[in-house]
file structure_31.cif (mmCIF, N, CA and C atoms)
data_query
loop_
_atom_site.label_atom_id
_atom_site.label_comp_id
_atom_site.auth_asym_id
_atom_site.auth_seq_id
_atom_site.Cartn_x
_atom_site.Cartn_y
_atom_site.Cartn_z
N MET J 97 -0.31 23.39 126.05
CA MET J 97 0.75 24.37 126.08
C MET J 97 1.11 24.69 127.53
N ALA J 98 2.39 24.94 127.76
CA ALA J 98 2.87 25.28 129.09
C ALA J 98 3.06 26.79 129.21
N GLN J 99 2.67 27.33 130.35
CA GLN J 99 2.83 28.75 130.58
C GLN J 99 4.29 29.02 130.99
N ILE J 100 4.96 29.94 130.28
CA ILE J 100 6.35 30.24 130.61
C ILE J 100 6.52 31.64 131.19
N TYR J 101 5.47 32.45 131.15
CA TYR J 101 5.55 33.79 131.71
C TYR J 101 4.13 34.27 132.00
N THR J 102 4.00 35.02 133.08
CA THR J 102 2.71 35.64 133.38
C THR J 102 2.92 36.92 134.18
N THR J 103 2.05 37.88 133.96
CA THR J 103 2.09 39.15 134.69
C THR J 103 0.70 39.78 134.66
N THR J 104 0.58 40.87 135.39
CA THR J 104 -0.68 41.61 135.47
C THR J 104 -0.41 43.09 135.27
N VAL J 105 -1.29 43.76 134.53
CA VAL J 105 -1.17 45.20 134.34
C VAL J 105 -1.61 45.89 135.63
N ARG J 106 -0.72 46.75 136.18
CA ARG J 106 -1.01 47.44 137.44
C ARG J 106 -1.24 48.93 137.26
N GLY J 107 -0.85 49.47 136.11
CA GLY J 107 -1.03 50.90 135.89
C GLY J 107 -0.97 51.22 134.40
N ILE J 108 -1.54 52.34 134.03
CA ILE J 108 -1.57 52.76 132.63
C ILE J 108 -1.18 54.24 132.58
N GLY J 109 -0.08 54.53 131.88
CA GLY J 109 0.36 55.91 131.74
C GLY J 109 -0.64 56.72 130.94
N PRO J 110 -0.70 58.02 131.19
CA PRO J 110 -1.70 58.86 130.52
C PRO J 110 -1.52 58.95 129.00
N GLU J 111 -0.35 58.62 128.50
CA GLU J 111 -0.11 58.66 127.06
C GLU J 111 -0.01 57.27 126.42
N ALA J 112 -0.26 56.21 127.20
CA ALA J 112 -0.13 54.83 126.68
C ALA J 112 -1.04 54.58 125.48
N ALA J 113 -2.18 55.23 125.45
CA ALA J 113 -3.13 55.03 124.34
C ALA J 113 -2.56 55.51 123.01
N SER J 114 -1.61 56.44 123.03
CA SER J 114 -1.06 56.94 121.77
C SER J 114 -0.31 55.84 121.01
N PHE J 115 0.37 54.94 121.73
CA PHE J 115 1.01 53.80 121.08
C PHE J 115 -0.01 52.69 120.82
N ALA J 116 -0.93 52.51 121.76
CA ALA J 116 -1.93 51.45 121.62
C ALA J 116 -2.76 51.63 120.35
N GLU J 117 -3.03 52.88 119.98
CA GLU J 117 -3.78 53.14 118.74
C GLU J 117 -3.04 52.64 117.51
N GLN J 118 -1.72 52.47 117.62
CA GLN J 118 -0.90 51.97 116.53
C GLN J 118 -0.63 50.47 116.67
N GLY J 119 -1.31 49.82 117.62
CA GLY J 119 -1.13 48.39 117.82
C GLY J 119 0.12 48.04 118.59
N MET J 120 0.61 48.97 119.41
CA MET J 120 1.82 48.72 120.19
C MET J 120 1.56 49.03 121.66
N TYR J 121 2.05 48.13 122.52
CA TYR J 121 1.99 48.35 123.96
C TYR J 121 3.41 48.35 124.49
N VAL J 122 3.76 49.39 125.23
CA VAL J 122 5.06 49.45 125.89
C VAL J 122 4.83 49.00 127.33
N LEU J 123 5.44 47.88 127.70
CA LEU J 123 5.32 47.34 129.05
C LEU J 123 6.57 47.70 129.84
N PHE J 124 6.39 48.01 131.11
CA PHE J 124 7.53 48.31 131.97
C PHE J 124 7.14 48.00 133.41
N GLY J 125 8.07 47.42 134.16
CA GLY J 125 7.86 47.23 135.59
C GLY J 125 8.04 48.55 136.30
N ASP J 126 8.01 48.50 137.63
CA ASP J 126 8.27 49.72 138.40
C ASP J 126 9.64 50.28 138.01
N GLY J 127 9.75 51.59 138.00
CA GLY J 127 11.04 52.20 137.73
C GLY J 127 11.26 52.61 136.29
N ALA J 128 10.19 52.75 135.52
CA ALA J 128 10.34 53.24 134.15
C ALA J 128 10.93 54.65 134.20
N PRO J 129 11.85 54.99 133.29
CA PRO J 129 12.38 56.35 133.26
C PRO J 129 11.25 57.36 133.08
N ALA J 130 11.39 58.51 133.71
CA ALA J 130 10.33 59.53 133.66
C ALA J 130 9.94 59.88 132.23
N SER J 131 10.92 59.88 131.32
CA SER J 131 10.63 60.25 129.93
C SER J 131 9.78 59.20 129.22
N LEU J 132 9.68 57.99 129.77
CA LEU J 132 8.95 56.90 129.13
C LEU J 132 7.70 56.49 129.92
N ALA J 133 7.69 56.75 131.21
CA ALA J 133 6.63 56.23 132.10
C ALA J 133 5.22 56.58 131.63
N ASP J 134 5.03 57.78 131.10
CA ASP J 134 3.69 58.19 130.68
C ASP J 134 3.15 57.35 129.51
N PHE J 135 4.05 56.68 128.78
CA PHE J 135 3.66 55.90 127.60
C PHE J 135 3.54 54.41 127.89
N CYS J 136 3.72 54.03 129.16
CA CYS J 136 3.83 52.60 129.50
C CYS J 136 2.59 52.05 130.19
N PHE J 137 2.44 50.74 130.04
CA PHE J 137 1.56 49.93 130.86
C PHE J 137 2.47 49.33 131.92
N THR J 138 2.23 49.65 133.18
CA THR J 138 3.07 49.14 134.26
C THR J 138 2.62 47.73 134.62
N ILE J 139 3.60 46.82 134.69
CA ILE J 139 3.31 45.42 134.99
C ILE J 139 4.15 44.95 136.18
N ASP J 140 3.74 43.83 136.77
CA ASP J 140 4.56 43.16 137.77
C ASP J 140 5.76 42.55 137.06
N ILE J 141 6.93 42.66 137.67
CA ILE J 141 8.13 42.04 137.09
C ILE J 141 8.19 40.60 137.57
N ASN J 142 8.14 39.68 136.63
CA ASN J 142 8.24 38.25 136.91
C ASN J 142 9.26 37.64 135.95
N ARG J 143 9.81 36.51 136.33
CA ARG J 143 10.80 35.85 135.49
C ARG J 143 10.12 34.81 134.59
N SER J 144 10.65 34.69 133.39
CA SER J 144 10.15 33.67 132.46
C SER J 144 10.81 32.33 132.78
N ALA J 145 10.12 31.26 132.44
CA ALA J 145 10.60 29.91 132.73
C ALA J 145 11.33 29.29 131.55
N ASP J 146 11.32 29.94 130.39
CA ASP J 146 11.93 29.37 129.19
C ASP J 146 12.14 30.49 128.18
N ASP J 147 12.89 30.19 127.13
CA ASP J 147 13.05 31.15 126.04
C ASP J 147 11.71 31.39 125.36
N ILE J 148 11.56 32.57 124.79
CA ILE J 148 10.35 32.94 124.05
C ILE J 148 10.70 32.88 122.57
N ARG J 149 9.89 32.15 121.80
CA ARG J 149 10.21 31.89 120.40
C ARG J 149 9.00 32.15 119.49
N PRO J 150 9.27 32.43 118.22
CA PRO J 150 8.16 32.45 117.26
C PRO J 150 7.43 31.11 117.31
N GLY J 151 6.13 31.17 117.23
CA GLY J 151 5.32 29.95 117.34
C GLY J 151 4.71 29.80 118.73
N ASP J 152 5.30 30.45 119.75
CA ASP J 152 4.68 30.49 121.07
C ASP J 152 3.44 31.37 120.98
N ARG J 153 2.70 31.48 122.08
CA ARG J 153 1.48 32.29 122.07
C ARG J 153 1.52 33.34 123.18
N LEU J 154 1.15 34.55 122.84
CA LEU J 154 0.91 35.60 123.82
C LEU J 154 -0.58 35.52 124.16
N VAL J 155 -0.90 35.48 125.44
CA VAL J 155 -2.30 35.37 125.86
C VAL J 155 -2.63 36.59 126.72
N ILE J 156 -3.62 37.36 126.26
CA ILE J 156 -4.06 38.54 127.00
C ILE J 156 -5.52 38.33 127.38
N ASP J 157 -5.76 38.32 128.67
CA ASP J 157 -7.12 38.13 129.19
C ASP J 157 -7.84 36.95 128.54
N GLY J 158 -7.09 35.86 128.35
CA GLY J 158 -7.67 34.62 127.82
C GLY J 158 -7.69 34.48 126.31
N THR J 159 -7.32 35.52 125.56
CA THR J 159 -7.29 35.44 124.10
C THR J 159 -5.84 35.26 123.65
N ALA J 160 -5.60 34.27 122.80
CA ALA J 160 -4.25 33.93 122.36
C ALA J 160 -3.91 34.59 121.02
N TYR J 161 -2.66 35.02 120.92
CA TYR J 161 -2.13 35.65 119.71
C TYR J 161 -0.82 34.95 119.36
N PRO J 162 -0.66 34.45 118.12
CA PRO J 162 0.58 33.79 117.74
C PRO J 162 1.76 34.77 117.74
N ILE J 163 2.85 34.35 118.34
CA ILE J 163 4.08 35.15 118.33
C ILE J 163 4.78 34.90 117.00
N THR J 164 5.08 35.97 116.27
CA THR J 164 5.68 35.85 114.94
C THR J 164 7.16 36.19 114.90
N ALA J 165 7.64 37.01 115.83
CA ALA J 165 9.06 37.37 115.88
C ALA J 165 9.40 37.83 117.29
N VAL J 166 10.66 37.57 117.69
CA VAL J 166 11.11 37.89 119.04
C VAL J 166 12.46 38.59 118.95
N GLY J 167 12.53 39.83 119.44
CA GLY J 167 13.80 40.54 119.49
C GLY J 167 14.78 39.85 120.43
N GLY J 168 16.06 40.02 120.16
CA GLY J 168 17.11 39.32 120.90
C GLY J 168 17.19 39.64 122.39
N LEU J 169 16.62 40.75 122.83
CA LEU J 169 16.67 41.13 124.24
C LEU J 169 15.34 40.99 124.97
N VAL J 170 14.35 40.41 124.32
CA VAL J 170 13.02 40.33 124.92
C VAL J 170 13.05 39.60 126.26
N ARG J 171 13.62 38.41 126.32
CA ARG J 171 13.58 37.66 127.58
C ARG J 171 14.39 38.38 128.67
N LYS J 172 15.56 38.85 128.34
CA LYS J 172 16.40 39.54 129.31
C LYS J 172 15.70 40.79 129.85
N ASN J 173 15.15 41.59 128.96
CA ASN J 173 14.47 42.82 129.39
C ASN J 173 13.20 42.54 130.18
N LEU J 174 12.44 41.54 129.74
CA LEU J 174 11.20 41.18 130.44
C LEU J 174 11.52 40.69 131.85
N ASP J 175 12.51 39.82 131.99
CA ASP J 175 12.86 39.26 133.29
C ASP J 175 13.48 40.31 134.22
N GLY J 176 14.30 41.20 133.68
CA GLY J 176 15.02 42.14 134.52
C GLY J 176 14.29 43.44 134.80
N LEU J 177 13.58 43.95 133.80
CA LEU J 177 12.95 45.27 133.92
C LEU J 177 11.43 45.23 133.73
N GLY J 178 10.93 44.12 133.23
CA GLY J 178 9.52 44.07 132.85
C GLY J 178 9.26 44.94 131.63
N HIS J 179 10.31 45.19 130.84
CA HIS J 179 10.21 46.16 129.75
C HIS J 179 10.38 45.52 128.38
N ILE J 180 9.29 45.47 127.64
CA ILE J 180 9.30 45.10 126.22
C ILE J 180 8.20 45.89 125.52
N THR J 181 8.24 45.86 124.21
CA THR J 181 7.15 46.41 123.42
C THR J 181 6.43 45.25 122.76
N LEU J 182 5.13 45.22 122.88
CA LEU J 182 4.30 44.26 122.15
C LEU J 182 3.83 44.97 120.90
N ASN J 183 4.08 44.36 119.75
CA ASN J 183 3.67 44.96 118.48
C ASN J 183 2.76 43.99 117.75
N PHE J 184 1.53 44.39 117.51
CA PHE J 184 0.52 43.54 116.87
C PHE J 184 0.55 43.73 115.35
N ASP J 185 1.72 43.60 114.76
CA ASP J 185 1.86 43.78 113.32
C ASP J 185 2.12 42.49 112.56
N GLY J 186 2.32 41.38 113.25
CA GLY J 186 2.55 40.09 112.60
C GLY J 186 3.87 39.99 111.84
N ALA J 187 4.82 40.88 112.15
CA ALA J 187 6.10 40.88 111.44
C ALA J 187 6.83 39.54 111.63
N ALA J 188 7.50 39.11 110.58
CA ALA J 188 8.26 37.86 110.63
C ALA J 188 9.67 38.08 111.18
N ARG J 189 10.05 39.33 111.30
CA ARG J 189 11.38 39.66 111.79
C ARG J 189 11.28 40.81 112.79
N ALA J 190 11.96 40.65 113.93
CA ALA J 190 11.92 41.71 114.95
C ALA J 190 12.71 42.91 114.47
N GLN J 191 12.10 44.08 114.56
CA GLN J 191 12.75 45.29 114.09
C GLN J 191 13.61 45.92 115.17
N LEU J 192 13.26 45.69 116.43
CA LEU J 192 14.03 46.18 117.56
C LEU J 192 14.28 45.02 118.52
N GLU J 193 15.39 45.08 119.23
CA GLU J 193 15.80 43.97 120.11
C GLU J 193 14.82 43.70 121.25
N GLY J 194 14.08 44.70 121.67
CA GLY J 194 13.17 44.54 122.79
C GLY J 194 11.71 44.42 122.40
N THR J 195 11.46 44.04 121.14
CA THR J 195 10.08 43.97 120.66
C THR J 195 9.64 42.53 120.43
N LEU J 196 8.43 42.22 120.88
CA LEU J 196 7.78 40.94 120.65
C LEU J 196 6.65 41.20 119.66
N HIS J 197 6.71 40.58 118.50
CA HIS J 197 5.70 40.77 117.46
C HIS J 197 4.69 39.64 117.51
N VAL J 198 3.42 40.01 117.38
CA VAL J 198 2.34 39.02 117.39
C VAL J 198 1.36 39.33 116.27
N GLN J 199 0.58 38.32 115.94
CA GLN J 199 -0.42 38.46 114.88
C GLN J 199 -1.79 38.61 115.51
N GLY J 200 -2.56 39.57 115.03
CA GLY J 200 -3.91 39.77 115.53
C GLY J 200 -4.17 41.23 115.82
N GLU J 201 -5.41 41.51 116.16
CA GLU J 201 -5.80 42.87 116.49
C GLU J 201 -5.55 43.12 117.97
N ALA J 202 -4.91 44.22 118.28
CA ALA J 202 -4.57 44.54 119.67
C ALA J 202 -5.82 44.71 120.51
N PRO J 203 -5.90 43.98 121.62
CA PRO J 203 -7.06 44.12 122.50
C PRO J 203 -6.89 45.32 123.42
N ALA J 204 -7.94 45.72 124.08
CA ALA J 204 -7.84 46.79 125.08
C ALA J 204 -7.18 46.22 126.33
N LEU J 205 -6.19 46.93 126.84
CA LEU J 205 -5.56 46.56 128.11
C LEU J 205 -6.12 47.48 129.19
N THR J 206 -6.45 46.89 130.32
CA THR J 206 -6.95 47.66 131.45
C THR J 206 -6.18 47.25 132.70
N ILE J 207 -6.30 48.03 133.74
CA ILE J 207 -5.70 47.62 135.01
C ILE J 207 -6.34 46.31 135.43
N GLY J 208 -5.48 45.33 135.73
CA GLY J 208 -5.96 43.99 136.08
C GLY J 208 -5.88 43.01 134.92
N SER J 209 -5.62 43.50 133.70
CA SER J 209 -5.46 42.59 132.55
C SER J 209 -4.31 41.62 132.83
N THR J 210 -4.48 40.38 132.41
CA THR J 210 -3.41 39.40 132.55
C THR J 210 -2.73 39.19 131.21
N ILE J 211 -1.42 39.05 131.28
CA ILE J 211 -0.60 38.81 130.10
C ILE J 211 0.26 37.60 130.39
N SER J 212 0.20 36.62 129.50
CA SER J 212 1.05 35.44 129.68
C SER J 212 1.60 35.00 128.33
N ILE J 213 2.62 34.15 128.42
CA ILE J 213 3.23 33.57 127.22
C ILE J 213 3.26 32.07 127.43
N GLU J 214 2.84 31.35 126.41
CA GLU J 214 2.78 29.88 126.45
C GLU J 214 3.61 29.31 125.31
N ASN J 215 4.22 28.16 125.59
CA ASN J 215 4.90 27.46 124.49
C ASN J 215 4.41 26.04 124.37
#

call {"tool": "encode", "arguments": {"input": "structure_31.cif", "output": "structure tokens"}}
result
Amino acid sequence: MAQIYTTTVRGIGPEAASFAEQGMYVLFGDGAPASLADFCFTIDINRSADDIRPGDRLVIDGTAYPITAVGGLVRKNLDGLGHITLNFDGAARAQLEGTLHVQGEAPALTIGSTISIEN
């Protein structure tokens, strides 16, 4: 598999765990709006090398999770703002344009965690 995106967690908002308990991570690069920043995992903004599709893999700290659905704005938002929501619900259809759905149990994210996407 080829790596098409990679980033590192640089910060964790004080309320990020409230979404994480529901199997969701809100990722955002620098510049998250104040109303959202407390709920975000801050990441480095990097550009993806290809489209992100169901069947690709999300890899967090070396563990792979199958991507099951991709919202229509995931690549644009990830490349431009570093902002998407990771949802570990295994949904076959994206419910929001900026959400990437994956199958599996959400791992703990810490400062320094690596996040990549492979196709």

call {"tool": "residues_around", "arguments": {"input": "structure_31.cif", "residues": "Val122 of chain J", "least_positions_apart": "2", "cutoff": "5 Å", "atoms": "all atoms listed in the file", "output": "PDB file with N, CA and C atoms, keeping the file's coordinate frame"}}
result
ATOM      1  N   MET J 120       0.610  48.970 119.410  1.00  0.00           N
ATOM      2  CA  MET J 120       1.820  48.720 120.190  1.00  0.00           C
ATOM      3  C   MET J 120       1.560  49.030 121.660  1.00  0.00           C
ATOM      4  N   PHE J 124       6.390  48.010 131.110  1.00  0.00           N
ATOM      5  CA  PHE J 124       7.530  48.310 131.970  1.00  0.00           C
ATOM      6  C   PHE J 124       7.140  48.000 133.410  1.00  0.00           C
ATOM      7  N   CYS J 136       3.720  54.030 129.160  1.00  0.00           N
ATOM      8  CA  CYS J 136       3.830  52.600 129.500  1.00  0.00           C
ATOM      9  C   CYS J 136       2.590  52.050 130.190  1.00  0.00           C
ATOM     10  N   PHE J 137       2.440  50.740 130.040  1.00  0.00           N
ATOM     11  CA  PHE J 137       1.560  49.930 130.860  1.00  0.00           C
ATOM     12  C   PHE J 137       2.470  49.330 131.920  1.00  0.00           C
ATOM     13  N   ILE J 180       9.290  45.470 127.640  1.00  0.00           N
ATOM     14  CA  ILE J 180       9.300  45.100 126.220  1.00  0.00           C
ATOM     15  C   ILE J 180       8.200  45.890 125.520  1.00  0.00           C
ATOM     16  N   THR J 181       8.240  45.860 124.210  1.00  0.00           N
ATOM     17  CA  THR J 181       7.150  46.410 123.420  1.00  0.00           C
ATOM     18  C   THR J 181       6.430  45.250 122.760  1.00  0.00           C
ATOM     19  N   LEU J 182       5.130  45.220 122.880  1.00  0.00           N
ATOM     20  CA  LEU J 182       4.300  44.260 122.150  1.00  0.00           C
ATOM     21  C   LEU J 182       3.830  44.970 120.900  1.00  0.00           C
TER      22      LEU J 182
END

call {"tool": "atom_distance", "arguments": {"input": "structure_31.cif", "atom1": "atom CA of Gly168 of chain J", "atom2": "atom CA of Asp185 of chain J"}}
result
17.6 Å

call {"tool": "resolve_selection", "arguments": {"input": "structure_31.cif", "expression": "the PyMOL selection byres ((chain J and resi 106) around 6)", "output": "list in words"}}
result
Thr104, Val105, Gly107, Ile108, Phe137, Thr138, Ile139, Asp140, Ile207 and Gly208 of chain J

call {"tool": "write_last_selection", "arguments": {"input": "structure_31.cif", "atoms": "N, CA and C atoms", "output": "PDB file, keeping the file's coordinate frame"}}
result
ATOM      1  N   THR J 104       0.580  40.870 135.390  1.00  0.00           N
ATOM      2  CA  THR J 104      -0.680  41.610 135.470  1.00  0.00           C
ATOM      3  C   THR J 104      -0.410  43.090 135.270  1.00  0.00           C
ATOM      4  N   VAL J 105      -1.290  43.760 134.530  1.00  0.00           N
ATOM      5  CA  VAL J 105      -1.170  45.200 134.340  1.00  0.00           C
ATOM      6  C   VAL J 105      -1.610  45.890 135.630  1.00  0.00           C
ATOM      7  N   GLY J 107      -0.850  49.470 136.110  1.00  0.00           N
ATOM      8  CA  GLY J 107      -1.030  50.900 135.890  1.00  0.00           C
ATOM      9  C   GLY J 107      -0.970  51.220 134.400  1.00  0.00           C
ATOM     10  N   ILE J 108      -1.540  52.340 134.030  1.00  0.00           N
ATOM     11  CA  ILE J 108      -1.570  52.760 132.630  1.00  0.00           C
ATOM     12  C   ILE J 108      -1.180  54.240 132.580  1.00  0.00           C
ATOM     13  N   PHE J 137       2.440  50.740 130.040  1.00  0.00           N
ATOM     14  CA  PHE J 137       1.560  49.930 130.860  1.00  0.00           C
ATOM     15  C   PHE J 137       2.470  49.330 131.920  1.00  0.00           C
ATOM     16  N   THR J 138       2.230  49.650 133.180  1.00  0.00           N
ATOM     17  CA  THR J 138       3.070  49.140 134.260  1.00  0.00           C
ATOM     18  C   THR J 138       2.620  47.730 134.620  1.00  0.00           C
ATOM     19  N   ILE J 139       3.600  46.820 134.690  1.00  0.00           N
ATOM     20  CA  ILE J 139       3.310  45.420 134.990  1.00  0.00           C
ATOM     21  C   ILE J 139       4.150  44.950 136.180  1.00  0.00           C
ATOM     22  N   ASP J 140       3.740  43.830 136.770  1.00  0.00           N
ATOM     23  CA  ASP J 140       4.560  43.160 137.770  1.00  0.00           C
ATOM     24  C   ASP J 140       5.760  42.550 137.060  1.00  0.00           C
ATOM     25  N   ILE J 207      -6.300  48.030 133.740  1.00  0.00           N
ATOM     26  CA  ILE J 207      -5.700  47.620 135.010  1.00  0.00           C
ATOM     27  C   ILE J 207      -6.340  46.310 135.430  1.00  0.00           C
ATOM     28  N   GLY J 208      -5.480  45.330 135.730  1.00  0.00           N
ATOM     29  CA  GLY J 208      -5.960  43.990 136.080  1.00  0.00           C
ATOM     30  C   GLY J 208      -5.880  43.010 134.920  1.00  0.00           C
TER      31      GLY J 208
END

call {"tool": "select_by_dssp", "arguments": {"input": "structure_31.cif", "residues": "chain J", "states": "alpha helix (DSSP H)", "output": "number ranges by chain"}}
result
J: 112-116, 130-133, 170-177

call {"tool": "residues_around", "arguments": {"input": "structure_31.cif", "residues": "Gln118 of chain J", "least_positions_apart": "5", "cutoff": "10 Å", "atoms": "only C-alpha atoms", "output": "mmCIF file with N, CA and C atoms, in the coordinates of the input"}}
result
data_model
loop_
_atom_site.group_PDB
_atom_site.id
_atom_site.type_symbol
_atom_site.label_atom_id
_atom_site.label_comp_id
_atom_site.auth_asym_id
_atom_site.auth_seq_id
_atom_site.Cartn_x
_atom_site.Cartn_y
_atom_site.Cartn_z
ATOM 1 N N ALA J 113 -2.180 55.230 125.450
ATOM 2 C CA ALA J 113 -3.130 55.030 124.340
ATOM 3 C C ALA J 113 -2.560 55.510 123.010
ATOM 4 N N ASN J 183 4.080 44.360 119.750
ATOM 5 C CA ASN J 183 3.670 44.960 118.480
ATOM 6 C C ASN J 183 2.760 43.990 117.750
ATOM 7 N N PHE J 184 1.530 44.390 117.510
ATOM 8 C CA PHE J 184 0.520 43.540 116.870
ATOM 9 C C PHE J 184 0.550 43.730 115.350
ATOM 10 N N ASP J 185 1.720 43.600 114.760
ATOM 11 C CA ASP J 185 1.860 43.780 113.320
ATOM 12 C C ASP J 185 2.120 42.490 112.560
ATOM 13 N N ALA J 202 -4.910 44.220 118.280
ATOM 14 C CA ALA J 202 -4.570 44.540 119.670
ATOM 15 C C ALA J 202 -5.820 44.710 120.510
#

call {"tool": "select_by_dssp", "arguments": {"input": "structure_31.cif", "residues": "chain J", "states": "strand (DSSP E or B)", "output": "short mmCIF file (atom, residue, chain, number, x, y, z; two decimals) with N, CA and C atoms, keeping the file's coordinate frame"}}
result
data_model
loop_
_atom_site.label_atom_id
_atom_site.label_comp_id
_atom_site.auth_asym_id
_atom_site.auth_seq_id
_atom_site.Cartn_x
_atom_site.Cartn_y
_atom_site.Cartn_z
N GLN J 99 2.67 27.33 130.35
CA GLN J 99 2.83 28.75 130.58
C GLN J 99 4.29 29.02 130.99
N ILE J 100 4.96 29.94 130.28
CA ILE J 100 6.35 30.24 130.61
C ILE J 100 6.52 31.64 131.19
N TYR J 101 5.47 32.45 131.15
CA TYR J 101 5.55 33.79 131.71
C TYR J 101 4.13 34.27 132.00
N THR J 102 4.00 35.02 133.08
CA THR J 102 2.71 35.64 133.38
C THR J 102 2.92 36.92 134.18
N THR J 103 2.05 37.88 133.96
CA THR J 103 2.09 39.15 134.69
C THR J 103 0.70 39.78 134.66
N THR J 104 0.58 40.87 135.39
CA THR J 104 -0.68 41.61 135.47
C THR J 104 -0.41 43.09 135.27
N VAL J 105 -1.29 43.76 134.53
CA VAL J 105 -1.17 45.20 134.34
C VAL J 105 -1.61 45.89 135.63
N ARG J 106 -0.72 46.75 136.18
CA ARG J 106 -1.01 47.44 137.44
C ARG J 106 -1.24 48.93 137.26
N GLY J 107 -0.85 49.47 136.11
CA GLY J 107 -1.03 50.90 135.89
C GLY J 107 -0.97 51.22 134.40
N ILE J 108 -1.54 52.34 134.03
CA ILE J 108 -1.57 52.76 132.63
C ILE J 108 -1.18 54.24 132.58
N MET J 120 0.61 48.97 119.41
CA MET J 120 1.82 48.72 120.19
C MET J 120 1.56 49.03 121.66
N TYR J 121 2.05 48.13 122.52
CA TYR J 121 1.99 48.35 123.96
C TYR J 121 3.41 48.35 124.49
N VAL J 122 3.76 49.39 125.23
CA VAL J 122 5.06 49.45 125.89
C VAL J 122 4.83 49.00 127.33
N LEU J 123 5.44 47.88 127.70
CA LEU J 123 5.32 47.34 129.05
C LEU J 123 6.57 47.70 129.84
N PHE J 124 6.39 48.01 131.11
CA PHE J 124 7.53 48.31 131.97
C PHE J 124 7.14 48.00 133.41
N CYS J 136 3.72 54.03 129.16
CA CYS J 136 3.83 52.60 129.50
C CYS J 136 2.59 52.05 130.19
N PHE J 137 2.44 50.74 130.04
CA PHE J 137 1.56 49.93 130.86
C PHE J 137 2.47 49.33 131.92
N THR J 138 2.23 49.65 133.18
CA THR J 138 3.07 49.14 134.26
C THR J 138 2.62 47.73 134.62
N ILE J 139 3.60 46.82 134.69
CA ILE J 139 3.31 45.42 134.99
C ILE J 139 4.15 44.95 136.18
N ARG J 153 2.70 31.48 122.08
CA ARG J 153 1.48 32.29 122.07
C ARG J 153 1.52 33.34 123.18
N LEU J 154 1.15 34.55 122.84
CA LEU J 154 0.91 35.60 123.82
C LEU J 154 -0.58 35.52 124.16
N VAL J 155 -0.90 35.48 125.44
CA VAL J 155 -2.30 35.37 125.86
C VAL J 155 -2.63 36.59 126.72
N ILE J 156 -3.62 37.36 126.26
CA ILE J 156 -4.06 38.54 127.00
C ILE J 156 -5.52 38.33 127.38
N THR J 159 -7.32 35.52 125.56
CA THR J 159 -7.29 35.44 124.10
C THR J 159 -5.84 35.26 123.65
N ALA J 160 -5.60 34.27 122.80
CA ALA J 160 -4.25 33.93 122.36
C ALA J 160 -3.91 34.59 121.02
N TYR J 161 -2.66 35.02 120.92
CA TYR J 161 -2.13 35.65 119.71
C TYR J 161 -0.82 34.95 119.36
N PRO J 162 -0.66 34.45 118.12
CA PRO J 162 0.58 33.79 117.74
C PRO J 162 1.76 34.77 117.74
N ILE J 163 2.85 34.35 118.34
CA ILE J 163 4.08 35.15 118.33
C ILE J 163 4.78 34.90 117.00
N THR J 164 5.08 35.97 116.27
CA THR J 164 5.68 35.85 114.94
C THR J 164 7.16 36.19 114.90
N ALA J 165 7.64 37.01 115.83
CA ALA J 165 9.06 37.37 115.88
C ALA J 165 9.40 37.83 117.29
N VAL J 166 10.66 37.57 117.69
CA VAL J 166 11.11 37.89 119.04
C VAL J 166 12.46 38.59 118.95
N ILE J 180 9.29 45.47 127.64
CA ILE J 180 9.30 45.10 126.22
C ILE J 180 8.20 45.89 125.52
N THR J 181 8.24 45.86 124.21
CA THR J 181 7.15 46.41 123.42
C THR J 181 6.43 45.25 122.76
N LEU J 182 5.13 45.22 122.88
CA LEU J 182 4.30 44.26 122.15
C LEU J 182 3.83 44.97 120.90
N ASN J 183 4.08 44.36 119.75
CA ASN J 183 3.67 44.96 118.48
C ASN J 183 2.76 43.99 117.75
N THR J 195 11.46 44.04 121.14
CA THR J 195 10.08 43.97 120.66
C THR J 195 9.64 42.53 120.43
N LEU J 196 8.43 42.22 120.88
CA LEU J 196 7.78 40.94 120.65
C LEU J 196 6.65 41.20 119.66
N HIS J 197 6.71 40.58 118.50
CA HIS J 197 5.70 40.77 117.46
C HIS J 197 4.69 39.64 117.51
N VAL J 198 3.42 40.01 117.38
CA VAL J 198 2.34 39.02 117.39
C VAL J 198 1.36 39.33 116.27
N THR J 210 -4.48 40.38 132.41
CA THR J 210 -3.41 39.40 132.55
C THR J 210 -2.73 39.19 131.21
N ILE J 211 -1.42 39.05 131.28
CA ILE J 211 -0.60 38.81 130.10
C ILE J 211 0.26 37.60 130.39
N SER J 212 0.20 36.62 129.50
CA SER J 212 1.05 35.44 129.68
C SER J 212 1.60 35.00 128.33
N ILE J 213 2.62 34.15 128.42
CA ILE J 213 3.23 33.57 127.22
C ILE J 213 3.26 32.07 127.43
N GLU J 214 2.84 31.35 126.41
CA GLU J 214 2.78 29.88 126.45
C GLU J 214 3.61 29.31 125.31
#

call {"tool": "closest_residue", "arguments": {"input": "structure_31.cif", "among": "J:Ala165, J:Ile148, J:Ala133, J:Ile156", "to": "Pro203 of chain J", "atoms": "all atoms listed in the file"}}
result
J:Ile156

call {"tool": "resolve_selection", "arguments": {"input": "structure_31.cif", "expression": "the PyMOL selection byres ((chain J and resi 167) around 7)", "output": "list in words"}}
result
Ala165, Val166, Gly168, Leu169, Val170, Arg171, Arg189, Ala190, Gln191, Leu192, Glu193, Gly194, Thr195, Leu196 and His197 of chain J

call {"tool": "residues_around", "arguments": {"input": "structure_31.cif", "residues": "Gly186 of chain J", "least_positions_apart": "4", "cutoff": "6 Å", "atoms": "all atoms listed in the file", "output": "JSON list (two decimals) with N, CA and C atoms, in the frame of the given file"}}
result
[["chain", "number", "residue", "atom", "x", "y", "z"],
["J", 164, "THR", "N", 5.08, 35.97, 116.27],
["J", 164, "THR", "CA", 5.68, 35.85, 114.94],
["J", 164, "THR", "C", 7.16, 36.19, 114.90],
["J", 197, "HIS", "N", 6.71, 40.58, 118.50],
["J", 197, "HIS", "CA", 5.70, 40.77, 117.46],
["J", 197, "HIS", "C", 4.69, 39.64, 117.51],
["J", 198, "VAL", "N", 3.42, 40.01, 117.38],
["J", 198, "VAL", "CA", 2.34, 39.02, 117.39],
["J", 198, "VAL", "C", 1.36, 39.33, 116.27],
["J", 199, "GLN", "N", 0.58, 38.32, 115.94],
["J", 199, "GLN", "CA", -0.42, 38.46, 114.88],
["J", 199, "GLN", "C", -1.79, 38.61, 115.51],
["J", 200, "GLY", "N", -2.56, 39.57, 115.03],
["J", 200, "GLY", "CA", -3.91, 39.77, 115.53],
["J", 200, "GLY", "C", -4.17, 41.23, 115.82]]
